[in-house]
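Worksheet: one structure, shown below.
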Amino acid sequence: MKAMVQDVYGPPEVLRIEETERPVPGRGRVLVRVHAAAVDQGVWHLMAGMPYAVRAATGLRAPRSRVRGMDLSGRVEAVGPGVTRFRPGDEVYGSGEGSFAEYACAKEGALAPKPRNLGFEEAAAVPVSGCSALQALRRTGRVEPGQSVLILGASGGVGSFAVQLAKAFGARVTGVCSAAKADFVRSLGADEVIDYAVADPTDGSRRYDLVLDIAGNRPIGRLRGALTPRGTLVIVGGEGGGRWLGGNERSLGALLLSPFVSHRLRPLTSLVRAGDLEALTEFLEAGSVSPAVHRGYPLAGVPDAIRDLREGRVRGKAVIRL
């Protein structure tokens, strides 16, 4: 099968297409014929091996897994022992291992039936970012109807779902993005959009019940200035910082500080789970949430998709067509 592989950590140029063996599903795993995949910030971190802390899980000197990619949608090709929820031919979406390939294996618990109203490319844009947004709002942020929510990074993969989901939960949403993406964020349903180059949403002039900081780098003290006295801050990843932790020290700082202040300060630990995918399916099939697909790329265009994402050219999600 054709797959986008890498043998060393580095920039997108380390990726190349190669013929590899088709994976065999083990116990509790499903082999999916991939029709579409998607790119997110996590893909870049795994490809680059940055920050260095990720290498503890992926390989110290070189990546143990040669094929990148997590988001996927496609048809079940085969199932391993113990799989009961799926059978060959089922259309599914979720998170797999090495989805930038013609076939990929996924845990049964990380898949769900594909929403009936979505094509494969739209469905592939949902799992990682959609589950992160849902968990940040519902489980970690505990959003309630009528609350005010500030979303920093509203135009990205997680942000585009977070804006729509927060509105579906009955919140008033303020999205923060660049001027070039303001109309896009408004189209997602944001009640207000702030251009971060013109105004600082964390200057303390406005207070919010819930702040989602997505792939940001603002200090925790600055973010707390945007919270109501009993407000909640959810840190969804982070960029910048040093080579070892890459901004994730903010997550550790939030956990250490939270018991001593009136605010709830929480980092997001997100996994793609079947239950969350099924909850997202309800929103998707009802039409209250729609995937924002920036554009589709061929398998050979994975390096271009990663560059576009890192350089801020992507609105929503970049999708890979297999």
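All residue names refer to the structure tokens as shown: chains lettered A, B, ... in order, residues numbered from 1 in each chain, ligands numbered from 1 in order.
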- prompt: What are the DSSP alpha helix (DSSP H) residues of stretch 55-273 of chain A, as a PyMOL selection string?
  reply: chain A and resi 55-58+120-124+127-134+157-168+182-187+220-224+249-257
- request: DSSP on the backbone, then: every residue of stretch 144-308 of chain A marked strand (DSSP E), written as a VMD selection string.
  value: chain A and resid 148 to 152 172 to 177 192 to 195 208 to 214 227 to 236 264 to 267 293 to 298
How close does each residue of stretch 55-151 of chain A get to stretch 290-312 of chain A, giving the shortest atom pair and distance in Å to one decimal for every residue with an atom at most 10 Å away, counting only C-alpha atoms, sorted by chain and residue number, as a Markdown table?
| residue | atom | partner | partner_atom | distance |
| --- | --- | --- | --- | --- |
| A:Arg68 | CA | A:Val302 | CA | 9.7 |
| A:Gly69 | CA | A:Val302 | CA | 9.6 |
| A:Phe100 | CA | A:Leu299 | CA | 6.9 |
| A:Ala101 | CA | A:Leu299 | CA | 7.8 |
| A:Glu102 | CA | A:Leu299 | CA | 9.3 |
| A:Leu118 | CA | A:Pro291 | CA | 9.0 |
| A:Glu121 | CA | A:Gly296 | CA | 7.7 |
| A:Glu122 | CA | A:Pro291 | CA | 5.9 |
| A:Ala123 | CA | A:Pro291 | CA | 7.5 |
| A:Ala124 | CA | A:Pro291 | CA | 9.0 |
| A:Ala125 | CA | A:Pro291 | CA | 6.3 |
| A:Val126 | CA | A:Pro291 | CA | 6.4 |
| A:Ser129 | CA | A:Pro291 | CA | 9.9 |
| A:Gly130 | CA | A:Pro291 | CA | 8.6 |
Output of the above residues as a short mmCIF file (atom, residue, chain, number, x, y, z; two decimals), in the first residue's frame, restricted to N, CA and C atoms:
data_model
loop_
_atom_site.label_atom_id
_atom_site.label_comp_id
_atom_site.auth_asym_id
_atom_site.auth_seq_id
_atom_site.Cartn_x
_atom_site.Cartn_y
_atom_site.Cartn_z
N ARG A 68 2.68 8.77 9.60
CA ARG A 68 2.01 9.80 10.39
C ARG A 68 0.50 9.79 10.12
N GLY A 69 -0.19 10.62 10.90
CA GLY A 69 -1.62 10.81 10.69
C GLY A 69 -2.46 10.13 11.75
N PHE A 100 -2.14 8.56 7.18
CA PHE A 100 -1.67 9.05 5.88
C PHE A 100 -1.21 7.86 5.05
N ALA A 101 -2.14 6.96 4.79
CA ALA A 101 -1.86 5.72 4.08
C ALA A 101 -3.17 5.16 3.54
N GLU A 102 -3.06 4.22 2.62
CA GLU A 102 -4.27 3.64 2.04
C GLU A 102 -5.04 2.80 3.05
N LEU A 118 -22.51 13.45 6.06
CA LEU A 118 -21.17 13.93 5.72
C LEU A 118 -20.49 13.01 4.71
N GLU A 121 -14.46 13.26 3.28
CA GLU A 121 -13.53 14.35 3.56
C GLU A 121 -14.01 15.20 4.73
N GLU A 122 -15.30 15.50 4.77
CA GLU A 122 -15.84 16.27 5.89
C GLU A 122 -15.71 15.48 7.19
N ALA A 123 -16.01 14.19 7.14
CA ALA A 123 -15.95 13.37 8.35
C ALA A 123 -14.53 13.28 8.89
N ALA A 124 -13.55 13.22 8.01
CA ALA A 124 -12.15 13.11 8.46
C ALA A 124 -11.69 14.34 9.21
N ALA A 125 -12.35 15.48 9.00
CA ALA A 125 -11.96 16.71 9.67
C ALA A 125 -12.41 16.76 11.12
N VAL A 126 -13.25 15.81 11.54
CA VAL A 126 -13.91 15.93 12.84
C VAL A 126 -13.15 15.34 14.02
N SER A 129 -9.92 17.13 16.40
CA SER A 129 -10.27 18.50 16.78
C SER A 129 -11.67 18.58 17.39
N GLY A 130 -12.62 17.84 16.83
CA GLY A 130 -13.97 17.87 17.37
C GLY A 130 -14.05 17.32 18.78
#
- request: Tell me which protein, DNA and RNA residues are within 10 Å of A:Cys105, counting only C-alpha atoms, leaving out same-chain ones fewer than 6 positions away, and put them as a ChimeraX atom specification.
  value: /A:22-26,29-34,76-80,95-99
Generate a file of the selected residues that holds N, CA, C and O atoms, formatted as a short mmCIF file (atom, residue, chain, number, x, y, z; two decimals), in the first residue's frame.
data_model
loop_
_atom_site.label_atom_id
_atom_site.label_comp_id
_atom_site.auth_asym_id
_atom_site.auth_seq_id
_atom_site.Cartn_x
_atom_site.Cartn_y
_atom_site.Cartn_z
N ARG A 22 0.59 -3.68 4.20
CA ARG A 22 -0.70 -3.34 4.79
C ARG A 22 -0.73 -3.84 6.23
O ARG A 22 -0.34 -4.99 6.51
N PRO A 23 -1.17 -3.02 7.17
CA PRO A 23 -1.21 -3.47 8.57
C PRO A 23 -2.24 -4.57 8.79
O PRO A 23 -3.22 -4.70 8.04
N VAL A 24 -2.03 -5.35 9.82
CA VAL A 24 -2.94 -6.44 10.19
C VAL A 24 -3.58 -6.08 11.53
O VAL A 24 -2.88 -5.77 12.50
N PRO A 25 -4.90 -6.08 11.60
CA PRO A 25 -5.55 -5.68 12.86
C PRO A 25 -5.39 -6.73 13.95
O PRO A 25 -5.69 -7.90 13.74
N GLY A 26 -4.89 -6.31 15.11
CA GLY A 26 -4.78 -7.20 16.26
C GLY A 26 -6.06 -7.22 17.06
O GLY A 26 -7.11 -6.71 16.63
N ARG A 29 -8.88 -4.32 17.37
CA ARG A 29 -8.54 -3.29 16.39
C ARG A 29 -9.25 -3.54 15.07
O ARG A 29 -9.63 -4.66 14.73
N VAL A 30 -9.39 -2.44 14.32
CA VAL A 30 -10.13 -2.45 13.06
C VAL A 30 -9.22 -1.95 11.95
O VAL A 30 -8.55 -0.93 12.11
N LEU A 31 -9.19 -2.67 10.84
CA LEU A 31 -8.45 -2.21 9.67
C LEU A 31 -9.39 -1.40 8.79
O LEU A 31 -10.44 -1.89 8.37
N VAL A 32 -9.01 -0.14 8.53
CA VAL A 32 -9.85 0.77 7.76
C VAL A 32 -9.19 1.08 6.43
O VAL A 32 -7.99 1.40 6.39
N ARG A 33 -9.96 0.96 5.35
CA ARG A 33 -9.52 1.47 4.06
C ARG A 33 -9.75 2.96 4.10
O ARG A 33 -10.88 3.43 4.13
N VAL A 34 -8.68 3.74 4.17
CA VAL A 34 -8.79 5.17 4.40
C VAL A 34 -9.23 5.90 3.14
O VAL A 34 -8.60 5.78 2.09
N VAL A 76 -14.54 -0.08 6.73
CA VAL A 76 -13.90 -1.18 7.42
C VAL A 76 -13.51 -2.25 6.40
O VAL A 76 -14.34 -2.74 5.63
N GLU A 77 -12.24 -2.61 6.42
CA GLU A 77 -11.72 -3.66 5.54
C GLU A 77 -11.71 -5.01 6.25
O GLU A 77 -12.03 -6.04 5.65
N ALA A 78 -11.32 -5.02 7.52
CA ALA A 78 -11.26 -6.26 8.30
C ALA A 78 -11.27 -5.88 9.77
O ALA A 78 -10.97 -4.75 10.15
N VAL A 79 -11.63 -6.86 10.61
CA VAL A 79 -11.64 -6.63 12.06
C VAL A 79 -10.80 -7.69 12.74
O VAL A 79 -10.70 -8.83 12.28
N GLY A 80 -10.19 -7.29 13.85
CA GLY A 80 -9.38 -8.22 14.63
C GLY A 80 -10.24 -8.98 15.63
O GLY A 80 -11.44 -8.71 15.80
N SER A 95 -10.10 7.98 14.98
CA SER A 95 -8.65 8.18 15.06
C SER A 95 -7.94 6.85 14.93
O SER A 95 -8.31 5.88 15.60
N GLY A 96 -6.93 6.83 14.05
CA GLY A 96 -6.18 5.61 13.82
C GLY A 96 -4.69 5.82 13.94
O GLY A 96 -4.22 6.89 14.34
N GLU A 97 -3.95 4.82 13.61
CA GLU A 97 -2.49 4.84 13.71
C GLU A 97 -1.92 4.88 12.30
O GLU A 97 -1.98 3.92 11.56
N GLY A 98 -1.39 6.05 11.91
CA GLY A 98 -0.81 6.17 10.59
C GLY A 98 -1.85 6.29 9.50
O GLY A 98 -1.91 5.49 8.56
N SER A 99 -2.69 7.33 9.60
CA SER A 99 -3.80 7.46 8.64
C SER A 99 -3.38 8.07 7.31
O SER A 99 -4.21 8.12 6.39
#
query: Got a sec: who's within 9 Å of stretch 165-170 of chain A, counting only C-alpha atoms, leaving out chain neighbours fewer than 5 positions off, as a ChimeraX atom specification?
result: /A:133-134,137-138,143-147,149,160,189-191,283,288-289
query: Using only C-alpha atoms, which of the listed residues (A:Lys107, A:Arg266, A:Arg172, A:Arg224) sits closest to A:Gly253?
result: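 Under the stated criterion, the closest residue is A:Arg266.
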Proximity to A:Leu111 - best of A:Val43, A:Met1, A:Leu271, A:Val163, only C-alpha atoms: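 Of the candidates, the smallest distance to A:Leu111 is held by A:Leu271.
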